[in-house]
Amino acid sequence: MKIHEYQAKEIFKAAGIPVPRERPATSPKEALAAAEEIGLPVMVKAQVLVGGRGKAGGVKKAGSLEQVESTAGQILGMTIKGLPVRKVLVAECVDIKAEYYVGIIVDRASRLPVLMASAAGGVEIEQVARESPEKILKCQVDTGVGLLGFQARDIGMAMFRDAALARDFAGIANRLYRVFVEQDCSLIEINPLVRLGDGKLLALDAKINFDDNALFRHTTHEGLRDMGAEEPKEVEAKQAGLSYIKLDGNVGCVVNGAGLAMATMDLIKRYGGEPANFLDVGGSSSPEKMVTAMKIILGDRNVRAILVNIFGGITRCDDIAAGLVQAAQQGAIGVPVVARLTGTNAERARELLTGSKVTPAATMSEAVRKAVALAGGAR
Amino acid sequence: MSILVDKETRVIVQGITGRDGAFHARAMKEYGTGIVGGVTPGKGGQVVGGIPVFDSVAEAVRETGADASIIFVPAVFATDALYEAIAADLGLVVCVAEGMPTLDVVRVLGYARGRRTRILGPNCPGVISPGKAELGIMPAASFRPGCVGVVSRSGTLTYELASHTGEFGQSTVVGIGGDPVIGTNFIDCLAMFERDPETRAIVLVGEIGGTDEERAAEFVKANVTKPVFGFIAGQTAPPGKRMGHAGAIISGGSGTAEEKVRAFAAAGIDVLHEPGELTDRLKARL
């Protein structure tokens with residue numbers, strides 16, 4: 001789960017990480033009031049849960065109160081990478097001498113949290129990692145003892161070549177690690193961390209992603225969720241215990257298991273079609289879940305055919321078949337359906353589907369070929 | 001031979017009195033797995049499907065001589081169940097639970113470092129050595145004894161690939177799990193398959209996210225003499241979206257299917273473009 005910059009900054013502030021004076025605003029009027037309090041000039045920054053907002057014109061400087069109002073109005077009307085901007089952050093302009101990067105993730109290879117820092121701040125760290133990995137300083141953290149003083153100091157010295165700055169950096173890194181662990185983050189990032197004219201360090205931007213699996217033990221996190229940033233159908237699917245992601249093609253898919261679902265999408269593409277979605281019905285599926293899955297897919301107007309690919313294990317094929325029959329009874333399924341059902345209770349599933357309009361298929365390849373043809377053929 | 005589990009493995013089921021635990025304990029026992037006990041704190045003395053229940057892992061190990069466990073408790077309790085199994089010095093612990101907080105898994109694996117327990121999972125379907133034993137939730141009827149080792153980050157996609165081994169069957173099928181941080185990775189399994197005399201070929205089933213496949217490819221190039229076949233799911237997955245599995249995400253342009261396929265090909269791994277190709281490729285190589 002991602003949260004906005006202004007929310008992450010509030011967490012930073014509470015943890016003692018220095019941030020600029022700033023306030024979020026949802027209207028030009030609020031932005032004006034914020035600017036009056038903070039003092040001119042100010043930066044007006046779009047609050048959206050995607051990267052690249054600066055390039056999209058979502059971050060602008062305003063030197064007068066009139067400019068604050070007009071700039072806020074303009075940014076609040078923007079859509080950045082498909083996401084409407086509903087809030088801006090009004091922040092003091094600071095005297096930036098240099099930009100750095102510092103962040104923490106869990107490294108999948110070493111299975112440990114890793115602190116990363118770089119003197120190449122302000123740009124996308126992934127780009128730095130690809131093009132000049134030697135510019136990124138790293139240290140692994142033993143969760144038993146936490147981030148050690150010398151580890152953060154060493155990175156600080158390598159980055160700043162100055163003992164006082166290194167000490168300041170170590171303080172920020174330690175607080176960052178504490179937030180990372182206490183709040184169960186999957187990513188925490190200051191990009192850029194800036195050095196000011198007076199020699200102090202400050203978190204100019206902030207990014208926090210929470211581990212979805214740990215939300216249950218952080219009662220306040222759910223309140224930080226921006227529902228407007230989530231695809232409504234993906235939310236509906238999640239509530240029904242399904243995992244759904246919308247894509248742009250015309251072959252709808254219902255599959256059990258994430259890996260098989262991805263492989264099914266890939267095969268559709270290989271046979272010249274385009275998948276309309278990713279949908280994993282999950283392990284213990286019921287006819288009701290299947291009905292919901294069909295409704296969600298049929299709500300996508302691009303869909304010309306539906307492919308059901310089930311390798312039954314815990315998932316029972318007869319549950320899937322019963323769901324298909326129920327969905328057809330509850331409302332006309334206006335597009336052809338191809339079903340490949342194998343594994344647990346596949347025989348019973350076949351009986352249930354006898355006499356229905358569902359086109360059977362014996363293998364995954366056969367099912368995909370038929371579905372692509374029924375959707376209008378290869379492109 | 002086979003890897004990880006066989007007829008000699010003595011297994012306890014943690015969470016045996018729960019719905020899933022009871023169901024799968026019976027299924028595994030019927031398959032022939034040496035299920036010798038179950039653990040549910042507070043329910044010691046009960047019997048589930050002919051299997052005695054104990055209050056703690058330590059007690060179950062003392063009474064039954066178990067050397068492996070499978071955990072069927074919900075994600076919220078799985079962390080403690082894992083610590084308990086590691087503390088009891090079991091050789092193998094399979095954790096099926098989906099949805100464990102990543103930092104919990106990091107701490108558990110830290111605790112296990114330097115001890116003797118191998119952890120499979122979390123969020124995995126387990127392991128089966130067809131005809132011998134199963135520690136997991138895979139549909140046993142979909143497998144047959146044979147000589148192909150299969151290792152995968154997925155569940156049903158693993159069954160799909162295994163079903164295409166045809167006459168060759170499988171020595172052992174391992175689901176390592178779809179989470180970003182897991183106890184046993186591709187390299188661990190590749191090393192075991194390479195040493196296992198019964199395994200004549202290996203199928204590696206990967207997906208988008210992370211770099212485990214790339215590191216596995218390097219290992220294959222340097223250390224594996226048996227034919228290796230590779231399949232990667234997620235060519236059509238959009239970047240930045242989590243594809244069901246917590247670990248299946250392309251982030252910052254890394255972890256793509258293309259990179260993994262390229263790494264496989266560069267390491268001499270026979271890349272499959274669809275699961276159905278496996279049968280003929282095995283015939284050609286074995």
# chains A, B, ... in the order shown; residues from 1 in each chain; ligands from 1
call {"tool": "residues_around", "arguments": {"residues": "range 11-16 of chain A", "least_positions_apart": "5", "cutoff": "12 Å", "atoms": "only C-alpha atoms", "output": "PyMOL selection string"}}
result
chain A and resi 3-6+21-22+168+171-180+182-183+185+188-190+202-208+220-221+224
call {"tool": "select_by_dssp", "arguments": {"residues": "range 21-246 of chain A", "states": "strand (DSSP E or B)", "output": "PyMOL selection string"}}
result
chain A and resi 22-25+42-46+59-62+79-80+83-84+88-92+96-107+112-118+136-140+185-196+201-203+207-210+243-246
call {"tool": "residues_around", "arguments": {"residues": "Gly58 in chain A", "least_positions_apart": "4", "cutoff": "7 Å", "atoms": "only C-alpha atoms", "output": "PyMOL selection string"}}
result
chain A and resi 45-46+53-54+75
call {"tool": "write_last_selection", "arguments": {"atoms": "C-alpha atoms", "output": "JSON list (two decimals), in the first residue's frame"}}
result
[["chain", "number", "residue", "atom", "x", "y", "z"],
["A", 45, "LYS", "CA", 3.48, 19.86, -5.35],
["A", 46, "ALA", "CA", 0.85, 17.47, -6.78],
["A", 53, "ARG", "CA", 5.02, 14.13, -11.39],
["A", 54, "GLY", "CA", 7.76, 16.77, -11.81],
["A", 75, "ILE", "CA", -2.37, 21.39, -10.60]]
call {"tool": "residues_around", "arguments": {"residues": "range 41-55 of chain B", "least_positions_apart": "2", "cutoff": "10 Å", "atoms": "only C-alpha atoms", "output": "VMD selection string"}}
result
chain B and resid 12 to 17 21 to 23 25 to 27 29 35 to 39 57 to 61 63 to 64
call {"tool": "interface_residues", "arguments": {"of": "chain B", "to": "chain A", "cutoff": "8 Å", "atoms": "only C-alpha atoms", "output": "VMD selection string"}}
result
chain B and resid 99 to 103 106 to 107 109 to 110 137 to 139 141 to 142 153 to 157 159 to 160 180 to 182 207 210 to 212 232 to 237 241 243 to 245 252 to 253 274 276
call {"tool": "write_last_selection", "arguments": {"atoms": "C-alpha atoms", "output": "PDB file, in the first residue's frame"}}
result
ATOM      1  CA  GLY B  99       0.079 -13.363   3.892  1.00  0.00           C
ATOM      2  CA  MET B 100       2.919 -13.376   6.427  1.00  0.00           C
ATOM      3  CA  PRO B 101       4.449  -9.926   7.007  1.00  0.00           C
ATOM      4  CA  THR B 102       7.780  -9.781   5.149  1.00  0.00           C
ATOM      5  CA  LEU B 103       9.747  -8.533   8.165  1.00  0.00           C
ATOM      6  CA  VAL B 106      13.123 -11.940   7.618  1.00  0.00           C
ATOM      7  CA  ARG B 107      13.379 -12.342  11.423  1.00  0.00           C
ATOM      8  CA  LEU B 109      15.064 -16.741   8.655  1.00  0.00           C
ATOM      9  CA  GLY B 110      17.587 -14.796  10.739  1.00  0.00           C
ATOM     10  CA  ILE B 137      -1.378 -29.294  -0.547  1.00  0.00           C
ATOM     11  CA  MET B 138      -0.634 -30.377  -4.109  1.00  0.00           C
ATOM     12  CA  PRO B 139      -3.227 -32.627  -5.789  1.00  0.00           C
ATOM     13  CA  ALA B 141      -3.332 -37.508  -8.381  1.00  0.00           C
ATOM     14  CA  SER B 142      -1.641 -35.073 -10.776  1.00  0.00           C
ATOM     15  CA  ARG B 153       7.571 -20.277  -7.405  1.00  0.00           C
ATOM     16  CA  SER B 154       3.988 -21.078  -8.272  1.00  0.00           C
ATOM     17  CA  GLY B 155       1.274 -23.602  -7.351  1.00  0.00           C
ATOM     18  CA  THR B 156      -1.090 -24.561 -10.148  1.00  0.00           C
ATOM     19  CA  LEU B 157       1.458 -23.645 -12.831  1.00  0.00           C
ATOM     20  CA  TYR B 159       1.005 -28.905 -11.647  1.00  0.00           C
ATOM     21  CA  GLU B 160       0.557 -27.802 -15.261  1.00  0.00           C
ATOM     22  CA  PRO B 180       9.496 -11.908  -1.932  1.00  0.00           C
ATOM     23  CA  VAL B 181      11.406 -13.482   0.977  1.00  0.00           C
ATOM     24  CA  ILE B 182      11.457 -17.284   1.201  1.00  0.00           C
ATOM     25  CA  GLU B 207       7.986 -15.712 -12.809  1.00  0.00           C
ATOM     26  CA  GLY B 210      13.246 -10.267  -8.047  1.00  0.00           C
ATOM     27  CA  THR B 211      16.405 -11.837  -9.453  1.00  0.00           C
ATOM     28  CA  ASP B 212      16.209 -15.385  -8.095  1.00  0.00           C
ATOM     29  CA  ILE B 232       8.954 -17.931 -17.025  1.00  0.00           C
ATOM     30  CA  ALA B 233       5.437 -16.603 -16.443  1.00  0.00           C
ATOM     31  CA  GLY B 234       4.534 -12.942 -16.753  1.00  0.00           C
ATOM     32  CA  GLN B 235       5.654 -11.738 -20.223  1.00  0.00           C
ATOM     33  CA  THR B 236       2.396  -9.773 -20.475  1.00  0.00           C
ATOM     34  CA  ALA B 237       2.385  -8.454 -16.888  1.00  0.00           C
ATOM     35  CA  LYS B 241       1.424  -4.181 -10.594  1.00  0.00           C
ATOM     36  CA  MET B 243       0.376 -10.146 -10.068  1.00  0.00           C
ATOM     37  CA  GLY B 244      -1.349 -12.093  -7.292  1.00  0.00           C
ATOM     38  CA  HIS B 245       1.823 -13.350  -5.617  1.00  0.00           C
ATOM     39  CA  GLY B 252      11.788   0.070 -11.439  1.00  0.00           C
ATOM     40  CA  GLY B 253      12.117  -1.836 -14.712  1.00  0.00           C
ATOM     41  CA  GLU B 274       4.634 -22.838 -23.393  1.00  0.00           C
ATOM     42  CA  GLY B 276       2.994 -28.104 -23.539  1.00  0.00           C
TER      43      GLY B 276
END
call {"tool": "select_by_dssp", "arguments": {"residues": "range 109-332 of chain A", "states": "helix (DSSP H, G or I)", "output": "PyMOL selection string"}}
result
chain A and resi 125-131+133-135+149-160+163-182+212-217+221-224+227-229+232-239+258-270+287-298+317-330
